[in-house]
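So the structure is just underneath, and the comments pick up after that.
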Amino acid sequence: RVQGVSFRWYAQEQARSLGVVGWVRNEPDGSVLLHAEGEDDAVDALVAWCHHGPGMARVADVTVREAAAGGATSFGITG
């Protein structure tokens with residue numbers, strides 16, 4: 001559950017700084033879904049960041065799944 005910590009904005013900034021493309025969005029259940037594409041090391045670094053998030057965040061769980069590339073050319077916040 002994410003509320004009031006700007007997780008999506010910080011995730012976007014982190015992804016952009018790592019050269020990762022894709023998107024991040026809030027889900028109806030309060031969780032966050034993030035799709036990342038890029039060099040393996042950069043995506044791994046973004047996943048590692050997601051385990052703690054921004055300073056005010058408390059991250060309880062991160063689930064990682066392989067997904068087909070979506071052809072993104074930048075990283076943005078959706079929905």
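How things are named: the first chain in the structure tokens is A, the next is B, and so on; residues count from 1 in each chain; ligands count from 1 in the order shown.
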
Quick one: everything within 8 Å of stretch 71-77 of chain A, counting only C-alpha atoms, minus sequence neighbours fewer than 5 positions away in the same chain. Send it as a list in words.
Arg8, Trp9, Gln12, Ala15, Arg16, Val20, Val21, Gly22, Trp23, Val24, Arg25 and Glu37 of chain A

Residues from last step as file, all heavy atoms, as a compact mmCIF listing (two decimals), in the first residue's frame:
# COMPACT_ATOMS: atom_id res chain seq x y z
N ARG A 8 5.82 6.68 -6.64
CA ARG A 8 5.88 6.64 -8.11
C ARG A 8 6.83 7.69 -8.67
O ARG A 8 7.61 7.41 -9.58
CB ARG A 8 4.49 6.80 -8.72
CG ARG A 8 3.57 5.63 -8.42
CD ARG A 8 2.17 5.87 -8.95
NE ARG A 8 1.65 7.09 -8.36
CZ ARG A 8 0.68 7.84 -8.89
NH1 ARG A 8 0.13 7.49 -10.04
NH2 ARG A 8 0.26 8.93 -8.30
N TRP A 9 6.79 8.89 -8.12
CA TRP A 9 7.66 9.96 -8.61
C TRP A 9 9.12 9.59 -8.37
O TRP A 9 9.96 9.73 -9.26
CB TRP A 9 7.32 11.28 -7.93
CG TRP A 9 8.12 12.42 -8.48
CD1 TRP A 9 7.82 13.17 -9.59
CD2 TRP A 9 9.37 12.91 -7.99
NE1 TRP A 9 8.81 14.10 -9.81
CE2 TRP A 9 9.78 13.96 -8.83
CE3 TRP A 9 10.18 12.57 -6.92
CZ2 TRP A 9 10.96 14.67 -8.64
CZ3 TRP A 9 11.36 13.29 -6.72
CH2 TRP A 9 11.74 14.32 -7.58
N GLN A 12 10.22 6.85 -10.71
CA GLN A 12 10.47 7.41 -12.04
C GLN A 12 11.84 8.08 -12.09
O GLN A 12 12.62 7.86 -13.03
CB GLN A 12 9.38 8.43 -12.38
CG GLN A 12 9.60 9.14 -13.69
CD GLN A 12 8.49 10.12 -13.98
OE1 GLN A 12 7.60 9.79 -14.73
NE2 GLN A 12 8.54 11.29 -13.38
N ALA A 15 14.54 5.34 -11.98
CA ALA A 15 14.61 4.64 -13.26
C ALA A 15 15.31 5.48 -14.32
O ALA A 15 16.19 4.99 -15.03
CB ALA A 15 13.20 4.27 -13.73
N ARG A 16 14.93 6.74 -14.39
CA ARG A 16 15.55 7.62 -15.38
C ARG A 16 17.04 7.77 -15.13
O ARG A 16 17.83 7.78 -16.07
CB ARG A 16 14.86 8.98 -15.39
CG ARG A 16 13.48 8.93 -16.00
CD ARG A 16 12.78 10.26 -15.95
NE ARG A 16 11.50 10.21 -16.64
CZ ARG A 16 10.64 11.21 -16.66
NH1 ARG A 16 10.91 12.34 -16.03
NH2 ARG A 16 9.49 11.08 -17.31
N VAL A 20 16.69 3.24 -17.28
CA VAL A 20 15.65 2.22 -17.41
C VAL A 20 14.39 2.86 -17.98
O VAL A 20 14.04 3.98 -17.60
CB VAL A 20 15.35 1.57 -16.03
CG1 VAL A 20 14.18 0.63 -16.11
CG2 VAL A 20 16.59 0.85 -15.51
N VAL A 21 13.72 2.16 -18.88
CA VAL A 21 12.46 2.64 -19.44
C VAL A 21 11.33 1.75 -18.95
O VAL A 21 11.55 0.64 -18.49
CB VAL A 21 12.50 2.68 -20.99
CG1 VAL A 21 13.57 3.65 -21.48
CG2 VAL A 21 12.72 1.30 -21.58
N GLY A 22 10.11 2.26 -19.06
CA GLY A 22 8.94 1.50 -18.64
C GLY A 22 7.93 2.41 -17.98
O GLY A 22 7.76 3.56 -18.39
N TRP A 23 7.28 1.92 -16.92
CA TRP A 23 6.24 2.70 -16.26
C TRP A 23 6.02 2.20 -14.83
O TRP A 23 6.43 1.10 -14.47
CB TRP A 23 4.93 2.66 -17.04
CG TRP A 23 4.52 1.28 -17.48
CD1 TRP A 23 4.74 0.71 -18.70
CD2 TRP A 23 3.84 0.29 -16.69
NE1 TRP A 23 4.24 -0.58 -18.72
CE2 TRP A 23 3.66 -0.86 -17.50
CE3 TRP A 23 3.35 0.25 -15.39
CZ2 TRP A 23 3.03 -2.01 -17.04
CZ3 TRP A 23 2.71 -0.90 -14.93
CH2 TRP A 23 2.56 -2.01 -15.78
N VAL A 24 5.34 3.03 -14.05
CA VAL A 24 4.94 2.69 -12.70
C VAL A 24 3.53 3.22 -12.48
O VAL A 24 3.18 4.28 -12.98
CB VAL A 24 5.94 3.26 -11.65
CG1 VAL A 24 6.02 4.77 -11.70
CG2 VAL A 24 5.62 2.77 -10.25
N ARG A 25 2.71 2.46 -11.75
CA ARG A 25 1.34 2.91 -11.50
C ARG A 25 0.84 2.33 -10.18
O ARG A 25 1.31 1.30 -9.70
CB ARG A 25 0.41 2.51 -12.63
CG ARG A 25 0.11 1.02 -12.68
CD ARG A 25 -0.91 0.69 -13.76
NE ARG A 25 -1.18 -0.74 -13.75
CZ ARG A 25 -1.25 -1.49 -14.83
NH1 ARG A 25 -1.05 -0.96 -16.02
NH2 ARG A 25 -1.51 -2.78 -14.72
N GLU A 37 12.39 -1.93 -18.25
CA GLU A 37 13.15 -2.49 -19.36
C GLU A 37 14.50 -1.78 -19.43
O GLU A 37 14.56 -0.57 -19.26
CB GLU A 37 12.42 -2.28 -20.68
CG GLU A 37 11.05 -2.91 -20.75
CD GLU A 37 10.34 -2.61 -22.06
OE1 GLU A 37 11.02 -2.42 -23.10
OE2 GLU A 37 9.11 -2.55 -22.05

All helix (DSSP H, G or I) residues (DSSP, backbone) inside chain A, as a PyMOL selection string:
chain A and resi 7-18+40-50

Selected residues written out, N, CA and C atoms, as a CSV table (one decimal), in the first residue's frame:
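Printed below is out.csv as written:
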chain,number,residue,atom,x,y,z
A,7,PHE,N,6.0,7.6,-3.9
A,7,PHE,CA,6.8,6.4,-4.4
A,7,PHE,C,6.9,6.4,-5.9
A,8,ARG,N,5.8,6.7,-6.6
A,8,ARG,CA,5.9,6.6,-8.1
A,8,ARG,C,6.8,7.7,-8.7
A,9,TRP,N,6.8,8.9,-8.1
A,9,TRP,CA,7.7,10.0,-8.6
A,9,TRP,C,9.1,9.6,-8.4
A,10,TYR,N,9.4,9.1,-7.2
A,10,TYR,CA,10.8,8.7,-6.9
A,10,TYR,C,11.3,7.5,-7.7
A,11,ALA,N,10.3,6.6,-7.9
A,11,ALA,CA,10.7,5.4,-8.8
A,11,ALA,C,11.0,5.9,-10.2
A,12,GLN,N,10.2,6.9,-10.7
A,12,GLN,CA,10.5,7.4,-12.0
A,12,GLN,C,11.8,8.1,-12.1
A,13,GLU,N,12.2,8.9,-11.1
A,13,GLU,CA,13.5,9.5,-11.1
A,13,GLU,C,14.6,8.5,-11.0
A,14,GLN,N,14.4,7.5,-10.2
A,14,GLN,CA,15.5,6.5,-10.0
A,14,GLN,C,15.6,5.7,-11.3
A,15,ALA,N,14.5,5.3,-12.0
A,15,ALA,CA,14.6,4.6,-13.3
A,15,ALA,C,15.3,5.5,-14.3
A,16,ARG,N,14.9,6.7,-14.4
A,16,ARG,CA,15.6,7.6,-15.4
A,16,ARG,C,17.0,7.8,-15.1
A,17,SER,N,17.4,7.9,-13.9
A,17,SER,CA,18.9,8.0,-13.6
A,17,SER,C,19.7,6.8,-13.9
A,18,LEU,N,19.0,5.6,-13.9
A,18,LEU,CA,19.6,4.4,-14.3
A,18,LEU,C,19.5,4.0,-15.8
A,40,ASP,N,20.5,-5.4,-17.8
A,40,ASP,CA,20.2,-6.2,-16.6
A,40,ASP,C,20.7,-5.5,-15.3
A,41,ASP,N,21.9,-5.0,-15.3
A,41,ASP,CA,22.4,-4.4,-14.1
A,41,ASP,C,21.6,-3.2,-13.7
A,42,ALA,N,21.1,-2.4,-14.6
A,42,ALA,CA,20.3,-1.2,-14.3
A,42,ALA,C,18.9,-1.6,-13.8
A,43,VAL,N,18.3,-2.6,-14.4
A,43,VAL,CA,17.0,-3.1,-13.9
A,43,VAL,C,17.2,-3.7,-12.5
A,44,ASP,N,18.2,-4.5,-12.3
A,44,ASP,CA,18.5,-5.1,-11.0
A,44,ASP,C,18.7,-4.0,-9.9
A,45,ALA,N,19.3,-2.9,-10.3
A,45,ALA,CA,19.5,-1.8,-9.4
A,45,ALA,C,18.2,-1.1,-9.0
A,46,LEU,N,17.3,-1.0,-10.0
A,46,LEU,CA,16.0,-0.4,-9.8
A,46,LEU,C,15.2,-1.4,-8.8
A,47,VAL,N,15.3,-2.6,-9.1
A,47,VAL,CA,14.6,-3.6,-8.2
A,47,VAL,C,15.1,-3.5,-6.8
A,48,ALA,N,16.4,-3.4,-6.6
A,48,ALA,CA,17.0,-3.2,-5.3
A,48,ALA,C,16.5,-2.0,-4.6
A,49,TRP,N,16.4,-0.9,-5.4
A,49,TRP,CA,15.9,0.4,-4.8
A,49,TRP,C,14.4,0.2,-4.4
A,50,CYS,N,13.6,-0.6,-5.1
A,50,CYS,CA,12.2,-0.8,-4.8
A,50,CYS,C,12.1,-1.5,-3.4

DSSP on the backbone, strand (DSSP E) only: what residues of stretch 10-79 of chain A does that give? Format it as a list in words.
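Listing strand (DSSP E) positions across stretch 10-79 of chain A yields Val21, Gly22, Trp23, Val24, Arg25, Asn26, Val32, Leu33, Leu34, His35, Ala36, Glu37, Phe75, Gly76 and Ile77 of chain A.
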
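Note that atom CA of A:His35 and atom CA of A:Arg65 are 9.6 Å apart.
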